[in-house]
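Novice: Contents of coords-v8.cif (mmCIF, C-alpha atoms) are given next:
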data_structure
#
loop_
_atom_site.group_PDB
_atom_site.id
_atom_site.type_symbol
_atom_site.label_atom_id
_atom_site.label_comp_id
_atom_site.auth_asym_id
_atom_site.auth_seq_id
_atom_site.Cartn_x
_atom_site.Cartn_y
_atom_site.Cartn_z
ATOM 1 C CA MET I 1 -13.724 -0.155 8.514
ATOM 2 C CA LYS I 2 -9.985 -0.668 8.215
ATOM 3 C CA GLU I 3 -7.983 1.716 6.018
ATOM 4 C CA ILE I 4 -4.771 0.975 4.135
ATOM 5 C CA THR I 5 -2.848 3.960 2.786
ATOM 6 C CA VAL I 6 -0.797 3.400 -0.356
ATOM 7 C CA ILE I 7 1.583 6.126 -1.487
ATOM 8 C CA MET I 8 2.225 5.887 -5.213
ATOM 9 C CA GLU I 9 3.529 7.829 -8.149
ATOM 10 C CA GLU I 10 2.148 7.757 -11.658
ATOM 11 C CA GLY I 11 4.494 6.028 -14.084
ATOM 12 C CA CYS I 12 6.247 3.995 -11.367
ATOM 13 C CA PRO I 13 6.371 0.347 -12.517
ATOM 14 C CA TYR I 14 6.440 -0.950 -8.916
ATOM 15 C CA CYS I 15 3.404 1.172 -8.086
ATOM 16 C CA GLU I 16 1.528 -0.150 -11.109
ATOM 17 C CA GLU I 17 2.264 -3.739 -10.092
ATOM 18 C CA ALA I 18 1.176 -3.046 -6.505
ATOM 19 C CA GLU I 19 -2.031 -1.422 -7.782
ATOM 20 C CA LYS I 20 -2.916 -4.600 -9.695
ATOM 21 C CA LEU I 21 -2.293 -6.743 -6.626
ATOM 22 C CA PHE I 22 -4.301 -4.448 -4.341
ATOM 23 C CA GLU I 23 -7.228 -4.398 -6.753
ATOM 24 C CA ARG I 24 -7.258 -8.191 -7.120
ATOM 25 C CA ILE I 25 -6.720 -9.045 -3.455
ATOM 26 C CA GLY I 26 -8.920 -6.173 -2.236
ATOM 27 C CA LYS I 27 -11.969 -7.915 -3.705
ATOM 28 C CA GLU I 28 -11.529 -10.548 -0.996
ATOM 29 C CA TYR I 29 -11.691 -7.894 1.752
ATOM 30 C CA PRO I 30 -14.660 -5.576 1.150
ATOM 31 C CA ALA I 31 -14.404 -4.148 4.684
ATOM 32 C CA VAL I 32 -11.006 -2.615 3.878
ATOM 33 C CA HIS I 33 -10.783 0.871 2.386
ATOM 34 C CA LEU I 34 -7.765 1.547 0.191
ATOM 35 C CA ARG I 35 -6.613 5.175 0.329
ATOM 36 C CA ARG I 36 -4.286 6.100 -2.519
ATOM 37 C CA ILE I 37 -2.201 9.257 -2.281
ATOM 38 C CA GLY I 38 0.534 10.736 -4.431
ATOM 39 C CA SER I 39 4.119 10.756 -3.210
ATOM 40 C CA ASP I 40 4.548 14.457 -3.850
ATOM 41 C CA THR I 41 1.388 15.677 -2.112
ATOM 42 C CA LYS I 42 0.893 17.268 1.280
ATOM 43 C CA ASP I 43 -1.041 14.137 2.324
ATOM 44 C CA SER I 44 2.144 12.036 2.086
ATOM 45 C CA GLU I 45 4.224 14.294 4.370
ATOM 46 C CA PRO I 46 3.369 12.575 7.699
ATOM 47 C CA TYR I 47 4.513 9.174 6.407
ATOM 48 C CA ASP I 48 8.035 7.767 6.679
ATOM 49 C CA PHE I 49 9.045 6.182 3.372
ATOM 50 C CA TYR I 50 11.996 6.072 0.994
ATOM 51 C CA TYR I 51 10.754 3.858 -1.821
ATOM 52 C CA LEU I 52 7.502 3.519 -3.729
ATOM 53 C CA PRO I 53 4.974 2.181 -3.348
ATOM 54 C CA ALA I 54 4.800 2.705 0.395
ATOM 55 C CA VAL I 55 2.015 0.930 2.287
ATOM 56 C CA PHE I 56 0.730 1.862 5.736
ATOM 57 C CA VAL I 57 -1.915 0.640 8.135
ATOM 58 C CA GLY I 58 -2.464 3.627 10.378
ATOM 59 C CA THR I 59 1.024 5.058 10.779
ATOM 60 C CA LYS I 60 2.778 1.678 10.673
ATOM 61 C CA ARG I 61 4.664 1.064 7.450
ATOM 62 C CA ILE I 62 3.966 -2.483 6.280
ATOM 63 C CA PHE I 63 6.363 -2.339 3.334
ATOM 64 C CA HIS I 64 7.769 -0.066 0.692
ATOM 65 C CA GLY I 65 9.364 -0.709 -2.671
ATOM 66 C CA ALA I 66 8.783 -3.616 -5.009
ATOM 67 C CA CYS I 67 6.241 -6.027 -3.575
ATOM 68 C CA LYS I 68 4.850 -9.506 -3.942
ATOM 69 C CA GLU I 69 1.439 -10.929 -3.207
ATOM 70 C CA GLY I 70 2.465 -11.880 0.343
ATOM 71 C CA ASP I 71 3.417 -8.277 1.103
ATOM 72 C CA VAL I 72 0.026 -7.024 -0.049
ATOM 73 C CA ARG I 73 -1.807 -9.699 1.933
ATOM 74 C CA ARG I 74 0.158 -8.664 5.065
ATOM 75 C CA ALA I 75 -1.207 -5.145 4.612
ATOM 76 C CA PHE I 76 -4.755 -6.499 4.771
ATOM 77 C CA PHE I 77 -3.850 -8.336 7.979
ATOM 78 C CA GLY I 78 -2.382 -5.204 9.583
ATOM 79 C CA GLY I 79 1.193 -6.346 9.385
ATOM 80 C CA LYS I 80 0.513 -9.895 10.548
ATOM 81 C CA GLN I 81 0.710 -12.843 8.222
ATOM 82 C CA GLY I 82 -2.692 -14.466 7.954
#
Can the structure from this file be put into structure tokens for me?

Specialist:
Amino acid sequence: MKEITVIMEEGCPYCEEAEKLFERIGKEYPAVHLRRIGSDTKDSEPYDFYYLPAVFVGTKRIFHGACKEGDVRRAFFGGKQG
């Protein structure tokens, strides 16, 4: 099973928008596990990010900051446009 890590912060409007996109698009990819972690937790320390939300497949950052549907879909394809 593939895992996508999304680093978010409660109250962040970009994070809320990304969450909606991940929930909607994630229904198309049941074999993908979405791991959500807070930006100020110990779990987020190994990741390199400056803006939220920050999205990773493994340790590769796919995008961070405001996103669009295409960005979220790229995360499901492991950084490759499908």

Novice: Using only C-alpha atoms for the distances, tell me which of I:Val72, I:Lys60, I:Ile37, I:Gly11 is nearest to Arg24 (chain I).

Specialist: I:Val72

Novice: Just how far from CA of Cys67 (chain I) is CA of Pro53 (chain I), in Å to one decimal?

Specialist: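 Computed distance, CA of Pro53 (chain I) to CA of Cys67 (chain I), equals 8.3 Å.
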
Novice: Neighbours of Ile4 (chain I) within 6 Å (only C-alpha atoms; same-chain residues fewer than 4 positions away dropped), as a list in words?

Specialist: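 Once the adjacent positions are removed, what remains is Leu34, Arg35, Phe56 and Val57 of chain I.
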
Novice: Name every residue that the PyMOL selection byres ((chain I and resi 30-32) around 8) selects in this structure, writing the answer as a PyMOL selection string with chains first and numbers rising.

Specialist: chain I and resi 1-4+26-29+33-34+76

Novice: Hey, can you spit out that residue selection with C-alpha atoms as a compact mmCIF listing (two decimals), keeping the file's coordinate frame?

Specialist:
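Result file follows (selection.txt):
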# COMPACT_ATOMS: atom_id res chain seq x y z
CA MET I 1 -13.72 -0.16 8.51
CA LYS I 2 -9.98 -0.67 8.22
CA GLU I 3 -7.98 1.72 6.02
CA ILE I 4 -4.77 0.98 4.14
CA GLY I 26 -8.92 -6.17 -2.24
CA LYS I 27 -11.97 -7.92 -3.70
CA GLU I 28 -11.53 -10.55 -1.00
CA TYR I 29 -11.69 -7.89 1.75
CA HIS I 33 -10.78 0.87 2.39
CA LEU I 34 -7.76 1.55 0.19
CA PHE I 76 -4.76 -6.50 4.77

Novice: Find the distance between CA of Pro46 (chain I) and CA of Glu69 (chain I) and write it in Å to one decimal.

Specialist: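 The value is 26.0 Å.
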
Novice: Translate the PyMOL selection byres ((chain I and resi 38) around 9) into a concrete residue list for this structure, as a list in words.

Specialist: Val6, Ile7, Met8, Glu9, Glu10, Arg36, Ile37, Ser39, Asp40, Thr41, Lys42, Asp43 and Ser44 of chain I

Novice: I'd like the residues picked by the PyMOL selection byres ((chain I and resi 68) around 12) written out as a list in words, using the chain letters and numbers from the file.

Specialist: Tyr14, Cys15, Glu17, Ala18, Glu19, Lys20, Leu21, Phe22, Ile25, Pro53, Phe63, His64, Gly65, Ala66, Cys67, Glu69, Gly70, Asp71, Val72, Arg73, Arg74 and Ala75 of chain I

Novice: With 5 Å of padding per side, what axis-aligned box (centre and edge lengths, Å, one decimal) covers all the listed atoms of region 35-42 of chain I? Give it as AutoDock Vina command-line options.

Specialist:
--center_x -1.0 --center_y 11.2 --center_z -1.6 --size_x 21.2 --size_y 22.1 --size_z 15.7
